[in-house]
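*Asks:* Handing you this structure, nothing more for now.
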Amino acid sequence: MWTWLALISASLLSAGGNEDGWREYVDWEQGEEPFSFTYGGMPSGEILKRCRRSERNSPLDKVRTQHLISYADAKTGLEIRWEGVEYEGLRTIEWTLFFKNAGSDDTPILQDIQALDFRLARSSQDEFVLRTTRGDCCSPESFAPVVQELGPGKTVRFAPSGGRPTNQAFPYFNLRAGSQGVILAVGWPGQWAASFERDAEQSIRVKAGQELTRFTLHPGEEVRTPLIVLQFVEEGDWVDAQNAWRRWMIQYNVPNPGGKGLPLPMFNACSSHQFAEMTKANEANQKEFLDSYLAKGLELDYWWMDAGWYVGAEENNWPWTGTWEVDRRPHRFPNGLGAISDYAHGKGVKIIVWFEPERVAKGTWLAAEHPEWILGGREGGLLNLGNKDAWNWLVDHVDQIITDEGIDLYRQDFNMDPLEHWRGNDEEDRGGITENKHIMGYLAYWDELLRRHPGMLIDSCASGGRRNDLETLRRAVPLLRSDYLFEPVGQQGHTYGLSFWMPFYGTAYCPSNTVGWGWGTGETSYDPYTRRSNMCPANTACFDFRVAVDDDLIQKLYKEWLRVAPNFSGDYYPLTEHSLKKDAWIAWQFHRPKQGMGFVQAFRRDKSEDPQGRFKLRGLVPEATYEIQNVDETEKMERAGQELMGEGLEISIETAPGAATVVIERVP
């Protein structure tokens with residue numbers, strides 16, 4: 001009989017693990033499932049005993065095997081489907097549960113569904129240590145590492161704020177005890193919750209799922225749980241575990257449009273800061289600004305047209321969403337956005353266009369014409385993606401805009417907390433249903449857009465980085481990791497914390513000293529410290545070249561970024577502790593071991609009195625020789641990998657604040 005333990009063991013053994021050792025570590029009893037729920041007042045263990053069980057396994061490719069286990073309760077008509085994928089040799093398994101009422105009557109109450117519910121037993125005397133990061137909070141503290149030791153009797157719980165999955169909390173965890181550990185991800189673009197409950201002995205119980213589930217299912221109705229991913233780690237330290245996760249993310253999760261991969265680095269530009277998003281923009285100034293970048297020798301991947309291109313935005317400001325029609329008045333876009341797209345395409349530049357379909361303002365077309373689709377009615381609120389009619393209209397309408405206007409990258413924002421709308425519209429004995437149906441509709445909406453537009457990219461946004469769960473990241477890339485922009489120290493902290501989990505992300509940079517969006521300040525300062533603090537796999541420039549700029553400096557830093565940015569796809573190593581203090585240094589290393597290439601970034605904050613730092617590098621070949629170059633200097637030097645990892649790399653930064661970029665390449 002195939003068991004959950006056998007499934008995990010198969011993954012571990014294929015990578016050289018020891019079955020007996022992992023039987024001790026993964027504390028599963030024979031036949032015990034790593035999920036739980038209550039049904040009609042009975043625990044799932046009792047319910048599943050009376051269900052008819054079937055299973056089917058099928059290879060997807062040389063690495064992945066799909067497992068399907070079904071349970072059928074003849075008494076009530078409830079069907080449970082466990083869909084899992086095992087990654088051979090990678091000690092990784094993922095799954096999602098589906099619950100369907102195949103009967104003719106409403107089911108008993110189904111509640112407290114935990115997509116993950118299992119125990120881990122440590123085999124060493126080292127205590128459990130849990131690592132995660134903060135979610136986005138539009139501040140320097142966004143994505144700051146969180147580390148907790150879980151001693152006997154300690155319980156910690158995590159959940160986002162307001163229903164957006166990476167708002168304040170982050171659904172990615174590294175749980176470790178000594179040399180053994182597991183990476184855990186909860187893929188749910190809504191209100192999830194995860195808890196870690198340490199007992200008095202050697203074990204810890206881990207639970208995760210949609211935060212609220214207490215409902216009956218109507219005949220024919222189906223719901224799902226969050227996606228759960230477990231990636232077991234037995235070698236190296238916790239940073240090595242994070243790099244195994246990064247490699248898995250790149251290979252199996254980051255979108256791969258057209259099978260060609262993402263452009264890395266990705267360079268975009270916009271005029272949002274000059275024209276109040278797009279509310280004051282028009283066809284002429286969009287073409288003018290696009291041309292200004294190309295005239296400077298800056299090769300754009302995408303021209304970005306953000307909020308405010310639609311009817312009513314100029315008069316009511318950009319949050320007036322719900323009338324999704326291009327403003328075709330003569331002074332705005334008389335030829336539609338397609339005229340700008342055609343112009344850009346003729347110059348080899350693709351187009352990004354912003355949408356926010358779920359938030360509906362009072363007085364817009366959706367609120368007035370279809371209040372039955374809105375959780376909030378005529379007063380505006382949340383477009384209910386669990387409503388079939390609303391979903392069908394949205395798919396067809398946005399599909400038509402994408403086609404007619406020549407849009408290459410669909411950017412979806414989400415500037416509201418949906419939780420009160422979901423829970424406020426749940427009927428009696430239907431707690432969590434509105435959210436569940438909305439989440440399924442949201443994911444299906446993106447899947448359908450991608451089906452209709454093969455090779456198209458989607459950009460995930462939710463007031464910055466508040467919707468970057470794994471299900472979202474499998475369909476989209478976050479081109480704006482947070483709405484906290486530009487300010488150097490905060491940007492350094494964002495790169496430090498986010499790079500453990502997400503190998504591709506972006507931010508904007510602007511020639512301004514302002515904090516936050518910096519609307520229309522007229523300041524034109526642009527310095528290496530600020531630019532290097534904002535370097536990401538994807539960057540969006542916000543220049544106004546009608547004002548004089550330092551062309552030489554822009555070109556120098558642009559070429560520096562082009563040189564080092566491909567290494568963002570490599571392994572990531574923090575070289576200092578995370579800190580936002582003004583008197584600190586912070587540094588990190590990205591390295592591609594197969595290519596023998598990487599770089600180090602180091603930052604000396606403005607109150608630091610120490611002009612030198614020494615950093616022990618990682619991931620190098622000890623016996624290999626590496627060429628080292630500070631990009632601000634012409635001199636190159638050679639060092640042995642063993643020396644760089646032992647004695648370390650010394651970096652001098654004479655001014656405060658200051659930044660250094662050091663390129664490291666293996667000598668053939």
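Just remember, in the structure tokens the first chain shown is A, the second B, etc., residues are 1-based per chain, and ligands are 1-based in the order shown.
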May I have all residues of range 396-536 of chain A that DSSP, computed from the backbone, assigns to strand (DSSP E or B), given as an MDAnalysis selection string?
*Replies:* chainID A and resid 409:412 430:431 457:460 462 465 477 506:509
*Asks:* Using C-alpha atoms, can you export the residues from the last selection as a compact mmCIF listing (two decimals), in the first residue's frame?
*Replies:*
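Saved the output as out-v2.txt:
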```txt
# COMPACT_ATOMS: atom_id res chain seq x y z
CA LEU A 409 2.73 42.51 -20.50
CA TYR A 410 -0.46 42.64 -18.43
CA ARG A 411 0.11 44.35 -15.09
CA GLN A 412 -2.50 43.66 -12.39
CA ARG A 430 -20.63 29.12 4.57
CA GLY A 431 -17.64 30.68 6.32
CA LEU A 457 3.97 38.04 -19.15
CA ILE A 458 1.88 39.10 -16.17
CA ASP A 459 3.15 41.49 -13.50
CA SER A 460 1.80 40.88 -10.00
CA ALA A 462 -0.82 44.69 -4.78
CA GLY A 465 4.53 43.43 -2.95
CA VAL A 477 6.59 38.33 -11.94
CA GLY A 506 12.01 44.51 -9.59
CA THR A 507 11.88 48.05 -8.36
CA ALA A 508 11.93 51.56 -9.80
CA TYR A 509 14.72 54.09 -9.61
```
*Asks:* Pick out the residues sitting within 9 Å of range 416-429 of chain A, and hand them over as a PDB file with C-alpha atoms, in the first residue's frame; count only C-alpha atoms, and ignore anything fewer than 6 positions along from it in its own chain.
*Replies:*
```pdb
ATOM      1  CA  ILE A 109     -20.261  21.039   7.879  1.00  0.00           C
ATOM      2  CA  SER A 161      -3.313  41.313   7.284  1.00  0.00           C
ATOM      3  CA  GLY A 162      -6.517  41.947   5.350  1.00  0.00           C
ATOM      4  CA  GLY A 163      -6.523  39.049   2.893  1.00  0.00           C
ATOM      5  CA  ARG A 164      -3.556  39.838   0.653  1.00  0.00           C
ATOM      6  CA  GLY A 190      -5.785  35.112   0.143  1.00  0.00           C
ATOM      7  CA  GLN A 191      -5.973  34.845   3.922  1.00  0.00           C
ATOM      8  CA  ARG A 214     -16.470  26.299   8.063  1.00  0.00           C
ATOM      9  CA  PHE A 215     -19.027  25.536   5.409  1.00  0.00           C
ATOM     10  CA  THR A 216     -21.411  23.094   3.838  1.00  0.00           C
ATOM     11  CA  GLU A 358     -10.915  43.628  -8.730  1.00  0.00           C
ATOM     12  CA  ARG A 359     -11.340  47.069  -7.136  1.00  0.00           C
ATOM     13  CA  LEU A 375     -19.210  42.748  -3.166  1.00  0.00           C
ATOM     14  CA  GLY A 376     -20.388  46.183  -2.109  1.00  0.00           C
ATOM     15  CA  GLY A 381     -16.090  47.350  -3.607  1.00  0.00           C
ATOM     16  CA  LEU A 382     -14.651  44.047  -4.791  1.00  0.00           C
ATOM     17  CA  ASN A 384     -16.494  38.962  -7.202  1.00  0.00           C
ATOM     18  CA  GLU A 435     -12.853  33.844  -0.413  1.00  0.00           C
ATOM     19  CA  ASN A 436     -12.277  30.342  -1.741  1.00  0.00           C
ATOM     20  CA  HIS A 438     -12.736  34.296  -5.451  1.00  0.00           C
ATOM     21  CA  ALA A 462      -0.823  44.691  -4.782  1.00  0.00           C
ATOM     22  CA  SER A 463       0.100  48.086  -3.371  1.00  0.00           C
TER      23      SER A 463
END
```
*Asks:* Might you pull out every residue within 8 Å of Arg64 in chain A, with only C-alpha atoms counted and same-chain residues fewer than 4 positions away left off, and present them as an NGL selection string?
*Replies:* :A and (59-60 or 85-88)
*Asks:* Tell me, which residues of range 320-466 of chain A carry DSSP alpha helix (DSSP H), written as a ChimeraX atom specification?
*Replies:* /A:338-345,365-369,388-405,419-424,433-452
*Asks:* Any idea what the distance is between CA of Thr96 in chain A and CA of Met249 in chain A?
*Replies:*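 Those two atoms sit 17.8 Å apart.
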*Asks:* When you count only C-alpha atoms, which of these residues is closest to Val223 in chain A: A:Gly45, A:Gly441, A:Gly464, A:Gly103?
*Replies:*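 For Val223 in chain A, the nearest of the given residues is A:Gly441.
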*Asks:* Which residues are near Asp291 in chain A? Cut-off 12 Å, only C-alpha atoms, ignore same chain within fewer than 3 positions. Put them as a PyMOL selection string.
*Replies:* chain A and resi 269-271+284-288+294-300+303+340+343-344+346-349+544-546
*Asks:* Please produce an output containing N, CA and C atoms for each residue in the selection, written as a tab-separated table (two decimals), in the first residue's frame.
*Replies:*
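Done, and the output landed in result.tsv:
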```
chain	number	residue	atom	x	y	z
A	269	ALA	N	10.87	51.41	-18.51
A	269	ALA	CA	10.81	52.84	-18.19
A	269	ALA	C	9.37	53.30	-18.24
A	270	CYS	N	9.09	54.38	-17.50
A	270	CYS	CA	7.74	54.93	-17.46
A	270	CYS	C	7.81	56.43	-17.26
A	271	SER	N	6.65	57.08	-17.37
A	271	SER	CA	6.55	58.53	-17.13
A	271	SER	C	5.56	58.83	-16.02
A	284	ALA	N	1.14	61.85	-27.38
A	284	ALA	CA	2.35	62.57	-27.77
A	284	ALA	C	3.44	62.46	-26.70
A	285	ASN	N	3.07	62.68	-25.43
A	285	ASN	CA	4.14	62.65	-24.42
A	285	ASN	C	4.65	61.24	-24.14
A	286	GLN	N	3.83	60.23	-24.39
A	286	GLN	CA	4.32	58.87	-24.24
A	286	GLN	C	5.38	58.55	-25.30
A	287	LYS	N	5.13	58.95	-26.52
A	287	LYS	CA	6.12	58.73	-27.58
A	287	LYS	C	7.38	59.55	-27.34
A	288	GLU	N	7.19	60.77	-26.87
A	288	GLU	CA	8.34	61.64	-26.59
A	288	GLU	C	9.24	61.04	-25.53
A	294	LEU	N	15.68	55.98	-25.69
A	294	LEU	CA	16.42	55.37	-26.79
A	294	LEU	C	17.51	56.32	-27.29
A	295	ALA	N	17.24	57.62	-27.27
A	295	ALA	CA	18.23	58.60	-27.70
A	295	ALA	C	19.45	58.62	-26.79
A	296	LYS	N	19.27	58.23	-25.53
A	296	LYS	CA	20.38	58.16	-24.57
A	296	LYS	C	21.14	56.84	-24.67
A	297	GLY	N	20.73	55.96	-25.55
A	297	GLY	CA	21.39	54.67	-25.67
A	297	GLY	C	20.96	53.66	-24.63
A	298	LEU	N	19.80	53.89	-24.03
A	298	LEU	CA	19.25	52.97	-23.02
A	298	LEU	C	18.24	52.07	-23.72
A	299	GLU	N	18.57	50.80	-23.83
A	299	GLU	CA	17.74	49.86	-24.58
A	299	GLU	C	16.63	49.32	-23.70
A	300	LEU	N	15.40	49.68	-24.02
A	300	LEU	CA	14.25	49.30	-23.21
A	300	LEU	C	13.71	47.94	-23.62
A	303	TRP	N	8.07	49.58	-22.38
A	303	TRP	CA	7.58	50.90	-22.00
A	303	TRP	C	6.33	50.67	-21.15
A	340	ILE	N	0.43	53.90	-29.47
A	340	ILE	CA	1.71	53.92	-28.75
A	340	ILE	C	2.38	52.56	-28.83
A	343	TYR	N	3.96	52.17	-32.19
A	343	TYR	CA	5.15	53.02	-32.26
A	343	TYR	C	6.32	52.35	-31.53
A	344	ALA	N	6.04	51.83	-30.33
A	344	ALA	CA	7.08	51.17	-29.54
A	344	ALA	C	7.57	49.90	-30.23
A	346	GLY	N	7.66	49.20	-33.27
A	346	GLY	CA	8.49	49.56	-34.41
A	346	GLY	C	9.93	49.87	-34.02
A	347	LYS	N	10.14	50.16	-32.74
A	347	LYS	CA	11.48	50.46	-32.24
A	347	LYS	C	12.03	49.32	-31.39
A	348	GLY	N	11.35	48.17	-31.44
A	348	GLY	CA	11.84	47.01	-30.70
A	348	GLY	C	11.53	47.03	-29.22
A	349	VAL	N	10.54	47.80	-28.80
A	349	VAL	CA	10.17	47.93	-27.40
A	349	VAL	C	8.77	47.36	-27.19
A	544	ASP	N	13.24	62.04	-16.32
A	544	ASP	CA	12.67	63.08	-17.17
A	544	ASP	C	13.84	63.73	-17.89
A	545	PHE	N	14.09	63.31	-19.11
A	545	PHE	CA	15.26	63.79	-19.83
A	545	PHE	C	15.05	65.18	-20.44
A	546	ARG	N	13.92	65.82	-20.13
A	546	ARG	CA	13.77	67.23	-20.49
A	546	ARG	C	14.62	68.10	-19.57
```
*Asks:* I'd like the neighbourhood of Pro265 in chain A as JSON, numbers by chain, where a residue qualifies if any of its atoms comes within 6 Å (using only C-alpha atoms), though same-chain residues fewer than 3 positions away should be ignored.
*Replies:* {"A": [537, 538, 565]}
